[in-house]
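As provided, start00.cif (mmCIF, C-alpha atoms) reads as follows.
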data_input
loop_
_atom_site.label_atom_id
_atom_site.label_comp_id
_atom_site.auth_asym_id
_atom_site.auth_seq_id
_atom_site.Cartn_x
_atom_site.Cartn_y
_atom_site.Cartn_z
CA MET A 723 69.87 156.17 150.51
CA LYS A 724 72.98 156.80 148.51
CA ARG A 725 74.86 154.23 150.52
CA TYR A 726 72.30 151.50 149.68
CA THR A 727 72.33 152.52 146.03
CA VAL A 728 76.11 152.19 145.85
CA VAL A 729 75.99 148.80 147.57
CA GLY A 730 73.22 147.66 145.20
CA ILE A 731 75.21 148.75 142.15
CA ALA A 732 78.32 147.04 143.49
CA LEU A 733 76.41 143.78 144.07
CA ALA A 734 74.87 143.98 140.61
CA MET A 735 78.33 144.43 139.09
CA ILE A 736 79.68 141.45 141.05
CA VAL A 737 76.79 139.28 139.84
CA LEU A 738 77.40 140.39 136.25
CA LEU A 739 81.12 139.60 136.57
CA ILE A 740 80.32 136.12 137.91
CA ILE A 741 77.91 135.47 135.03
CA ALA A 742 80.49 136.70 132.52
CA GLY A 743 83.14 134.47 134.12
CA VAL A 744 80.90 131.40 133.96
CA ALA A 745 80.06 132.15 130.32
CA PHE A 746 83.75 132.54 129.49
CA VAL A 747 84.62 129.22 131.18
CA ALA A 748 81.80 127.45 129.29
CA TYR A 749 82.98 128.99 126.02
CA SER A 750 86.59 127.94 126.72
CA MET A 751 85.53 124.40 127.56
CA GLY A 752 83.55 124.21 124.33
CA ARG A 753 86.57 125.36 122.32
CA ASN A 754 88.77 122.80 124.09
CA GLN A 755 86.24 120.06 123.30
CA VAL A 756 86.21 121.04 119.64
CA ALA A 757 90.01 121.08 119.61
CA SER A 758 90.21 117.69 121.31
CA ASN A 759 87.74 116.29 118.77
CA GLN A 760 90.41 116.83 116.14
CA THR A 761 92.55 114.15 117.78
CA PRO A 762 92.15 110.54 116.72
CA TYR A 763 91.74 108.90 120.09
CA GLY A 764 91.49 110.17 123.63
CA TYR A 765 94.22 108.03 125.12
CA GLY A 766 96.82 108.50 122.40
CA PRO A 767 99.66 111.02 122.16
CA GLY A 768 98.50 114.62 121.94
CA ALA A 769 94.93 113.65 122.57
CA GLY A 770 94.40 115.85 125.59
CA ARG A 771 92.03 113.23 126.95
CA GLY A 772 89.50 114.13 124.25
CA MET A 773 88.48 111.77 121.50
CA GLY A 774 88.21 112.75 117.93
CA MET A 775 85.53 110.79 116.16
CA GLY A 776 82.21 112.08 117.40
CA ARG A 777 80.38 115.34 116.87
CA GLY A 778 77.38 114.90 119.13
CA MET A 779 75.04 112.02 119.85
CA MET A 780 74.41 111.01 116.26
CA GLY A 781 78.03 111.08 115.11
CA GLY A 782 79.47 113.67 112.79
CA SER A 783 81.48 114.56 109.75
CA ASN A 784 84.20 111.99 110.30
CA THR A 785 81.88 109.26 111.57
CA PRO A 786 80.77 106.95 108.78
CA GLY A 787 77.03 106.53 108.37
CA GLY A 788 77.30 102.87 109.25
CA GLY A 789 80.19 100.62 108.43
CA LEU A 790 83.17 99.74 110.53
CA ALA A 791 86.28 101.73 109.68
CA PRO A 792 89.90 101.44 110.86
CA VAL A 793 91.47 104.52 112.41
CA ASN A 794 95.12 105.49 112.16
CA PRO A 795 95.77 106.96 115.64
CA THR A 796 98.71 109.04 114.37
CA ALA A 797 96.83 110.71 111.50
CA PRO A 798 94.60 113.81 111.87
CA ALA A 799 90.99 112.80 112.29
CA ALA A 800 89.89 114.85 109.28
CA GLN A 801 91.93 112.65 106.95
CA PRO A 802 91.03 109.02 106.27
CA ALA A 803 93.57 106.50 107.48
CA ALA A 804 95.82 105.20 104.73
CA PRO A 805 95.09 101.54 103.97
CA SER A 806 97.66 99.22 105.47
CA SER A 807 99.10 96.14 103.83
CA GLY A 808 96.72 94.09 105.95
CA ALA A 809 93.63 96.13 105.09
CA ALA A 810 90.47 94.22 104.31
CA PRO A 811 89.61 93.96 100.61
CA THR A 812 87.17 96.51 99.26
CA ASN A 813 84.49 93.81 98.82
CA ALA A 814 84.65 92.90 102.54
CA PRO A 815 81.32 93.19 104.38
CA THR A 816 80.70 96.48 106.17
CA ASN A 817 80.57 94.71 109.53
CA MET A 818 84.26 93.79 109.16
CA SER A 819 87.45 95.84 109.01
CA THR A 820 91.19 95.29 109.43
CA GLN A 821 93.76 97.57 111.04
CA LYS A 822 97.52 97.27 111.40
CA ALA A 823 98.79 97.26 114.99
CA GLY A 824 102.57 97.02 115.13
CA ASN A 825 103.48 93.86 113.22
CA TRP A 826 100.00 92.39 113.63
CA ASN A 827 96.94 92.58 111.43
CA VAL A 828 93.80 92.85 113.56
CA THR A 829 90.45 92.08 111.89
CA LEU A 830 87.26 92.97 113.75
CA ALA A 831 83.76 91.79 112.80
CA LEU A 832 80.50 92.70 114.58
CA THR A 833 77.37 90.56 114.89
CA PRO A 834 74.59 91.60 114.62
CA TYR A 835 75.31 94.38 112.22
CA PRO A 836 74.48 97.12 112.71
CA PRO A 837 74.59 96.67 116.49
CA VAL A 838 71.45 97.49 118.48
CA SER A 839 71.79 99.76 121.53
CA PHE A 840 71.68 97.85 124.84
CA GLN A 841 71.55 94.51 123.03
CA PRO A 842 74.53 92.08 123.09
CA THR A 843 77.01 92.48 120.25
CA THR A 844 79.52 89.76 119.41
CA PHE A 845 83.03 90.98 118.56
CA ASP A 846 84.95 88.45 116.45
CA ILE A 847 88.65 89.28 116.29
CA THR A 848 91.27 87.61 114.10
CA ILE A 849 94.97 88.35 114.61
CA THR A 850 97.77 87.41 112.22
CA ASP A 851 101.41 88.40 112.06
CA GLU A 852 103.14 90.11 109.12
CA LYS A 853 103.61 86.72 107.43
CA GLY A 854 99.91 85.88 107.72
CA SER A 855 100.41 83.30 110.49
CA ALA A 856 97.77 83.11 113.23
CA VAL A 857 98.60 84.71 116.58
CA SER A 858 96.90 82.40 119.06
CA ASP A 859 98.71 83.13 122.32
CA ALA A 860 97.73 86.77 122.87
CA LYS A 861 95.61 88.42 125.54
CA VAL A 862 92.89 90.49 123.83
CA SER A 863 90.55 93.07 125.32
CA LEU A 864 88.34 95.86 124.02
CA ASP A 865 87.73 99.44 125.10
CA LEU A 866 84.43 100.87 123.81
CA THR A 867 84.20 104.66 124.08
CA MET A 868 82.10 107.52 122.74
CA PRO A 869 84.50 110.27 121.67
CA SER A 870 81.89 113.01 121.96
CA MET A 871 81.04 112.40 125.61
CA TRP A 872 82.13 110.69 128.81
CA MET A 873 80.83 107.15 129.23
CA PRO A 874 81.30 104.58 132.01
CA SER A 875 84.09 102.05 131.53
CA ASN A 876 83.11 99.50 128.88
CA LYS A 877 85.96 96.98 128.45
CA PRO A 878 84.94 93.46 127.39
CA THR A 879 87.62 90.76 127.50
CA ALA A 880 87.95 88.38 124.54
CA GLN A 881 88.34 84.64 124.85
CA SER A 882 90.68 82.71 122.57
CA LEU A 883 88.98 80.32 120.13
CA GLY A 884 92.28 79.07 118.70
CA GLU A 885 93.91 79.64 115.31
CA GLY A 886 94.26 83.37 115.91
CA LYS A 887 90.54 83.88 116.57
CA TYR A 888 89.14 85.62 119.64
CA GLN A 889 85.61 86.50 120.68
CA ALA A 890 84.04 88.95 123.13
CA THR A 891 80.52 90.11 123.91
CA GLY A 892 79.63 93.68 124.80
CA ARG A 893 76.96 96.35 124.49
CA PHE A 894 76.77 99.78 122.87
CA THR A 895 74.67 101.82 125.27
CA MET A 896 73.36 104.44 122.84
CA ARG A 897 73.38 105.60 119.24
CA GLY A 898 76.15 107.86 118.00
CA GLY A 899 79.82 107.72 117.15
CA TRP A 900 81.80 104.97 118.87
CA GLN A 901 85.46 104.14 118.93
CA ILE A 902 86.52 100.53 119.47
CA ALA A 903 90.05 99.90 120.70
CA VAL A 904 91.24 96.30 120.33
CA ILE A 905 94.13 95.88 122.77
CA VAL A 906 96.47 92.99 122.02
CA GLU A 907 99.13 91.85 124.51
CA ARG A 908 101.66 89.13 123.77
CA GLY A 909 104.60 88.75 126.10
CA ALA A 910 106.20 92.18 126.54
CA GLU A 911 104.54 93.58 123.41
CA LYS A 912 101.30 95.53 123.58
CA GLN A 913 99.58 97.07 120.55
CA THR A 914 96.18 98.66 119.97
CA ALA A 915 94.09 98.69 116.80
CA TYR A 916 91.45 101.42 116.56
CA PHE A 917 88.12 101.21 114.74
CA GLN A 918 85.29 103.69 114.46
CA LEU A 919 81.61 102.92 114.19
CA GLY A 920 78.65 105.17 113.48
CA LEU A 921 75.34 103.84 114.86
#
Rendering of file as structure tokens:
Amino acid sequence: MKRYTVVGIALAMIVLLIIAGVAFVAYSMGRNQVASNQTPYGYGPGAGRGMGMGRGMMGGSNTPGGGLAPVNPTAPAAQPAAPSSGAAPTNAPTNMSTQKAGNWNVTLALTPYPPVSFQPTTFDITITDEKGSAVSDAKVSLDLTMPSMWMPSNKPTAQSLGEGKYQATGRFTMRGGWQIAVIVERGAEKQTAYFQLGL
């Protein structure tokens, strides 16, 4: 009987160690997720493949309650991005925002606003250089991500409309905090403007 008791105790201890190990791993992963949520964008330097806008399905403390906001990918997420020389005027509609990307000013406008989950959204993009001249010969694409969770690839390609204007159609698949990366390629130069959106 003693032998079976010892074996039973040993098995119980092993099970408890496994449970404790799983709990520790889950706790560590949660801490890593919180730490990665302090980074501005999951694919940028120091991002650790986490993305820093969202805090759960409905957005969070650094996700605006509506409104489209530019994101400075080199600034801590807790601090608002400093307005660039090409920033949209304060009386600009909330469905529109401008972000500096290298020497380009990238303006993004969404229609309808606010977007409706699973319904088509039109992304109107205007690109100008530092002198205000239209950039009409670029290749423009989008990368729509939810910083707080993994989502399938969502990368609409924009078509040129001429005079520095581009247009794409895409869908936001749920409510929450979204990050919109507008990727601009022109010759050997490639720049990305980041915007955040709280739905």
Requested in this report: Within 10 Å of A:Thr879, counting all atoms listed in the file, which residues show up once you throw out same-chain ones fewer than 6 positions away? Write them as a ChimeraX atom specification, please.
Outcome: /A:861-865,888-892,904-905
Report summary line: If you count all atoms listed in the file, the residue of A:Thr895, A:Tyr835, A:Ala823, A:Val793 closest to A:Met873 turns out to be A:Thr895
Report task. Just give me the gap between atom CA of A:Val838 and atom CA of A:Gly920 in Å, one decimal is fine. Result ->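 Going from atom CA of A:Val838 over to atom CA of A:Gly920, I get 11.7 Å.
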Query raised in the report: What gap, in Å, lies between atom CA of A:Thr829 and atom CA of A:Leu919?
Result: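 Rounded to one decimal, the two atoms are 14.2 Å apart.
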Query - Nearby residues (only C-alpha atoms) at most 12 Å from A:Trp826, same-chain spacing under 6 positions excluded, as a list in words - result: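 Neighbouring residues, sequence-local ones excluded: Ser806, Ser807, Gly808, Ala809, Thr820, Thr848, Ile849, Thr850, Asp851, Glu852, Lys853, Gly854, Ser855, Ala856, Val857, Ser858, Ala860, Gly886, Val904, Ile905, Val906, Glu907, Arg908, Glu911, Lys912, Gln913, Thr914 and Ala915 of chain A.
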Output C-alpha atoms for every residue in the selection just made, as a compact mmCIF listing (two decimals), in the frame of the given file.
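Listed below is the output, again-v5.txt:
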# COMPACT_ATOMS: atom_id res chain seq x y z
CA SER A 806 97.66 99.22 105.47
CA SER A 807 99.10 96.14 103.83
CA GLY A 808 96.72 94.09 105.95
CA ALA A 809 93.63 96.13 105.09
CA THR A 820 91.19 95.29 109.43
CA THR A 848 91.27 87.61 114.10
CA ILE A 849 94.97 88.35 114.61
CA THR A 850 97.77 87.41 112.22
CA ASP A 851 101.41 88.40 112.06
CA GLU A 852 103.14 90.11 109.12
CA LYS A 853 103.61 86.72 107.43
CA GLY A 854 99.91 85.88 107.72
CA SER A 855 100.41 83.30 110.49
CA ALA A 856 97.77 83.11 113.23
CA VAL A 857 98.60 84.71 116.58
CA SER A 858 96.90 82.40 119.06
CA ALA A 860 97.73 86.77 122.87
CA GLY A 886 94.26 83.37 115.91
CA VAL A 904 91.24 96.30 120.33
CA ILE A 905 94.13 95.88 122.77
CA VAL A 906 96.47 92.99 122.02
CA GLU A 907 99.13 91.85 124.51
CA ARG A 908 101.66 89.13 123.77
CA GLU A 911 104.54 93.58 123.41
CA LYS A 912 101.30 95.53 123.58
CA GLN A 913 99.58 97.07 120.55
CA THR A 914 96.18 98.66 119.97
CA ALA A 915 94.09 98.69 116.80
Query raised in the report: Taking the file as shown, what set of residues would the PyMOL selection byres ((chain A and resi 866) around 8) give back, as a list of chain:residue names?
Result: A:Leu864, A:Asp865, A:Thr867, A:Met868, A:Ser875, A:Asn876, A:Lys877, A:Phe894, A:Trp900, A:Gln901, A:Ile902, A:Ala903
Query - Coordinates-based distance that separates atom CA of A:Met818 from atom CA of A:Gln918 (Å, one decimal) - result: 11.3 Å
Requested in this report: Please write the residues picked by the PyMOL selection byres ((chain A and resi 844) around 10) on this file as a PyMOL selection string.
Outcome: chain A and resi 831-835+837+841-843+845-847+880+889-893
Query raised in the report: Restricting the calculation to all atoms listed in the file, which member of A:Pro878, A:Ala791, A:Ser839, A:Ser870 is positioned closest to A:Thr816?
Result: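 Result for the nearest residue to A:Thr816: A:Ala791.
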